[in-house]
Amino acid sequence: MCRRIFLVIFVSIFWVTTAYSEQFKDCAPEGLAVGGYDLVSYHQEAGPRMGLESHVAQIDGLNYRFSSASNLEIFNLAPQKYLPVYQGWCAATLAMGRLACPDYTNYKIEEGSLLFFELAGFTNGRTVWNSDPTGFRKRADSNFLKLLR
């Protein structure tokens, strides 16, 4: 019971602190996806690294940068394995019915899939998500289809 009350309060705070995010319609300024981070590097031990302008893959009009030629090659062999879930939108706020640009250093690899989360005030979207990943995943999946038609 106490955990449920905490979760309701926590989610309510997250909802309020992320309301400003409604104004962001494009998380890829000038077509640069995921803030220029190397998608393959999220799956590597060293963690996320910035990509270089010299190593770029373009998918659906977005430019994905990579920190090395070998990471670009790895990506090109299986792009769907590395592309973020929900096109890179914050998974937690999507589960709550809104779109928000995430902090690309606030991420989680869940069942092999890359999820990004917003940091808003004192609230961390990843922490909210981790409180009920199965429930949030179901809601995010449903809302993603509705919000990004």
# chains A, B, ... in the order shown; residues from 1 in each chain; ligands from 1
>>> residues_around(residues="A:Pro29", least_positions_apart="5", cutoff="10 Å", atoms="only C-alpha atoms", output="ChimeraX atom specification")
/A:34-35,62
>>> write_last_selection(atoms="N, CA and C atoms", output="PDB file, in the first residue's frame")
ATOM      1  N   VAL A  34      19.333  11.400 -31.739  1.00  0.00           N
ATOM      2  CA  VAL A  34      19.859  11.048 -30.410  1.00  0.00           C
ATOM      3  C   VAL A  34      21.001  11.953 -29.948  1.00  0.00           C
ATOM      4  N   GLY A  35      20.869  13.224 -30.223  1.00  0.00           N
ATOM      5  CA  GLY A  35      21.839  14.191 -29.749  1.00  0.00           C
ATOM      6  C   GLY A  35      23.249  13.985 -30.280  1.00  0.00           C
ATOM      7  N   LEU A  62      16.799  10.974 -40.773  1.00  0.00           N
ATOM      8  CA  LEU A  62      17.570  11.306 -39.579  1.00  0.00           C
ATOM      9  C   LEU A  62      19.009  10.835 -39.731  1.00  0.00           C
TER      10      LEU A  62
END
>>> residues_around(residues="stretch 40-54 of chain A", least_positions_apart="2", cutoff="8 Å", atoms="only C-alpha atoms", output="compact mmCIF listing (two decimals) with N, CA and C atoms, in the first residue's frame")
# COMPACT_ATOMS: atom_id res chain seq x y z
N GLY A 36 23.38 13.18 -31.33
CA GLY A 36 24.69 12.92 -31.91
C GLY A 36 25.43 11.75 -31.28
N TYR A 37 24.77 11.06 -30.34
CA TYR A 37 25.41 9.91 -29.70
C TYR A 37 25.43 8.70 -30.62
N ASP A 38 26.43 7.87 -30.44
CA ASP A 38 26.64 6.62 -31.18
C ASP A 38 25.72 5.55 -30.61
N VAL A 56 28.44 8.52 -40.46
CA VAL A 56 27.00 8.80 -40.38
C VAL A 56 26.20 7.78 -41.18
N TYR A 64 22.33 9.54 -37.97
CA TYR A 64 22.87 8.87 -36.78
C TYR A 64 24.38 8.86 -36.91
N ARG A 65 25.05 9.42 -35.92
CA ARG A 65 26.51 9.48 -35.93
C ARG A 65 27.10 8.32 -35.12
N PHE A 66 28.32 7.93 -35.49
CA PHE A 66 29.01 6.84 -34.81
C PHE A 66 30.44 7.26 -34.49
N SER A 67 30.94 6.74 -33.40
CA SER A 67 32.26 7.14 -32.90
C SER A 67 33.41 6.48 -33.66
N SER A 68 33.10 5.48 -34.47
CA SER A 68 34.15 4.80 -35.24
C SER A 68 33.54 4.17 -36.49
N ASN A 71 31.87 0.85 -35.57
CA ASN A 71 30.52 0.94 -35.01
C ASN A 71 29.49 1.27 -36.09
N LEU A 72 29.87 2.08 -37.06
CA LEU A 72 28.99 2.36 -38.19
C LEU A 72 28.71 1.08 -38.96
N ILE A 74 28.88 -2.03 -37.80
CA ILE A 74 28.04 -2.88 -36.94
C ILE A 74 26.59 -2.44 -37.06
N PHE A 75 26.34 -1.14 -36.99
CA PHE A 75 24.99 -0.61 -37.10
C PHE A 75 24.37 -0.96 -38.45
N TYR A 82 19.76 -1.62 -33.02
CA TYR A 82 20.34 -0.49 -32.32
C TYR A 82 19.45 0.74 -32.25
N THR A 105 21.76 10.74 -22.08
CA THR A 105 22.66 10.03 -21.17
C THR A 105 21.86 9.26 -20.11
N ILE A 109 19.02 -0.33 -21.26
CA ILE A 109 18.88 -1.41 -22.24
C ILE A 109 17.98 -2.45 -21.58
N LEU A 114 17.00 -0.33 -26.60
CA LEU A 114 17.44 0.94 -26.02
C LEU A 114 16.26 1.85 -25.74
>>> select_by_dssp(residues="stretch 56-147 of chain A", states="helix (DSSP H, G or I)", output="JSON, numbers by chain")
{"A": [69, 70, 71, 72, 73, 74, 75, 76, 77, 79, 80, 81, 82, 85, 86, 87, 88, 91, 92, 93, 94, 95, 125, 126, 127, 128, 129, 130, 133, 134, 135, 136, 137, 138, 139, 140, 141, 142, 143, 144, 145, 146, 147]}
>>> write_last_selection(atoms="N, CA and C atoms", output="compact mmCIF listing (two decimals), in the first residue's frame")
# COMPACT_ATOMS: atom_id res chain seq x y z
N ALA A 69 34.41 3.88 -37.44
CA ALA A 69 33.96 3.20 -38.67
C ALA A 69 33.44 1.81 -38.34
N SER A 70 34.04 1.15 -37.35
CA SER A 70 33.58 -0.20 -37.01
C SER A 70 32.18 -0.16 -36.39
N ASN A 71 31.87 0.85 -35.57
CA ASN A 71 30.52 0.94 -35.01
C ASN A 71 29.49 1.27 -36.09
N LEU A 72 29.87 2.08 -37.06
CA LEU A 72 28.99 2.36 -38.19
C LEU A 72 28.71 1.08 -38.96
N GLU A 73 29.73 0.28 -39.18
CA GLU A 73 29.57 -0.98 -39.89
C GLU A 73 28.68 -1.94 -39.10
N ILE A 74 28.88 -2.03 -37.80
CA ILE A 74 28.04 -2.88 -36.94
C ILE A 74 26.59 -2.44 -37.06
N PHE A 75 26.34 -1.14 -36.99
CA PHE A 75 24.99 -0.61 -37.10
C PHE A 75 24.37 -0.96 -38.45
N ASN A 76 25.12 -0.75 -39.52
CA ASN A 76 24.60 -1.01 -40.87
C ASN A 76 24.24 -2.47 -41.09
N LEU A 77 24.84 -3.37 -40.36
CA LEU A 77 24.52 -4.80 -40.49
C LEU A 77 23.17 -5.15 -39.86
N PRO A 79 20.52 -2.44 -38.27
CA PRO A 79 20.07 -1.16 -37.68
C PRO A 79 18.92 -1.32 -36.67
N GLN A 80 17.99 -2.22 -36.93
CA GLN A 80 16.84 -2.37 -36.03
C GLN A 80 17.26 -2.81 -34.63
N LYS A 81 18.39 -3.47 -34.53
CA LYS A 81 18.90 -3.91 -33.23
C LYS A 81 19.33 -2.70 -32.38
N TYR A 82 19.76 -1.62 -33.02
CA TYR A 82 20.34 -0.49 -32.32
C TYR A 82 19.45 0.74 -32.25
N VAL A 85 13.89 2.41 -28.99
CA VAL A 85 12.45 2.17 -28.92
C VAL A 85 11.75 3.53 -28.93
N TYR A 86 10.57 3.59 -29.48
CA TYR A 86 9.74 4.79 -29.53
C TYR A 86 10.43 5.95 -30.25
N GLN A 87 11.24 5.63 -31.23
CA GLN A 87 11.95 6.62 -32.05
C GLN A 87 12.79 7.57 -31.20
N GLY A 88 13.14 7.16 -30.00
CA GLY A 88 14.00 7.97 -29.15
C GLY A 88 13.28 8.90 -28.20
N ALA A 91 10.51 7.23 -22.86
CA ALA A 91 9.59 6.11 -22.70
C ALA A 91 8.59 6.35 -21.57
N ALA A 92 9.04 6.92 -20.45
CA ALA A 92 8.16 7.11 -19.30
C ALA A 92 7.06 8.14 -19.58
N THR A 93 7.41 9.28 -20.17
CA THR A 93 6.38 10.27 -20.45
C THR A 93 5.45 9.79 -21.56
N LEU A 94 5.96 9.00 -22.46
CA LEU A 94 5.12 8.40 -23.49
C LEU A 94 4.08 7.49 -22.83
N ALA A 95 4.49 6.75 -21.82
CA ALA A 95 3.56 5.88 -21.09
C ALA A 95 2.47 6.70 -20.42
N GLY A 125 12.87 9.91 -15.22
CA GLY A 125 11.95 9.03 -15.93
C GLY A 125 12.33 7.56 -15.83
N ARG A 126 13.61 7.27 -15.79
CA ARG A 126 14.06 5.87 -15.68
C ARG A 126 13.64 5.27 -14.34
N THR A 127 13.71 6.06 -13.27
CA THR A 127 13.29 5.59 -11.96
C THR A 127 11.80 5.29 -11.96
N VAL A 128 11.03 6.19 -12.55
CA VAL A 128 9.58 5.97 -12.66
C VAL A 128 9.31 4.69 -13.44
N TRP A 129 9.95 4.54 -14.59
CA TRP A 129 9.78 3.36 -15.42
C TRP A 129 10.11 2.09 -14.66
N ASN A 130 11.20 2.09 -13.93
CA ASN A 130 11.65 0.90 -13.21
C ASN A 130 10.71 0.47 -12.10
N PRO A 133 8.02 -1.66 -14.91
CA PRO A 133 8.39 -1.70 -16.33
C PRO A 133 7.37 -2.37 -17.24
N THR A 134 6.74 -3.43 -16.76
CA THR A 134 5.76 -4.12 -17.60
C THR A 134 4.54 -3.24 -17.86
N GLY A 135 4.03 -2.61 -16.83
CA GLY A 135 2.87 -1.73 -16.98
C GLY A 135 3.18 -0.51 -17.82
N PHE A 136 4.34 0.10 -17.56
CA PHE A 136 4.71 1.27 -18.34
C PHE A 136 4.95 0.90 -19.80
N ARG A 137 5.53 -0.26 -20.06
CA ARG A 137 5.79 -0.70 -21.44
C ARG A 137 4.47 -0.84 -22.19
N LYS A 138 3.47 -1.46 -21.56
CA LYS A 138 2.17 -1.63 -22.22
C LYS A 138 1.54 -0.29 -22.56
N ARG A 139 1.59 0.63 -21.60
CA ARG A 139 0.99 1.96 -21.85
C ARG A 139 1.78 2.73 -22.90
N ALA A 140 3.09 2.66 -22.84
CA ALA A 140 3.92 3.37 -23.83
C ALA A 140 3.68 2.81 -25.23
N ASP A 141 3.61 1.49 -25.35
CA ASP A 141 3.34 0.88 -26.65
C ASP A 141 2.02 1.38 -27.22
N SER A 142 0.99 1.40 -26.40
CA SER A 142 -0.33 1.84 -26.83
C SER A 142 -0.32 3.32 -27.20
N ASN A 143 0.28 4.15 -26.36
CA ASN A 143 0.32 5.60 -26.62
C ASN A 143 1.18 5.95 -27.81
N PHE A 144 2.22 5.20 -28.04
CA PHE A 144 3.10 5.48 -29.18
C PHE A 144 2.31 5.39 -30.49
N LEU A 145 1.47 4.38 -30.59
CA LEU A 145 0.66 4.22 -31.80
C LEU A 145 -0.31 5.38 -31.97
N LYS A 146 -0.85 5.89 -30.86
CA LYS A 146 -1.82 6.98 -30.91
C LYS A 146 -1.15 8.34 -31.20
N LEU A 147 -0.04 8.59 -30.54
CA LEU A 147 0.58 9.90 -30.60
C LEU A 147 1.41 10.15 -31.86
>>> select_by_dssp(residues="chain A", states="strand (DSSP E or B)", output="ChimeraX atom specification")
/A:32,37,50,52-59,62-66,90,103-110,113-117,119-120,123-124
>>> atom_distance(atom1="atom CA of A:Tyr104", atom2="atom CA of A:Glu118")
8.2 Å
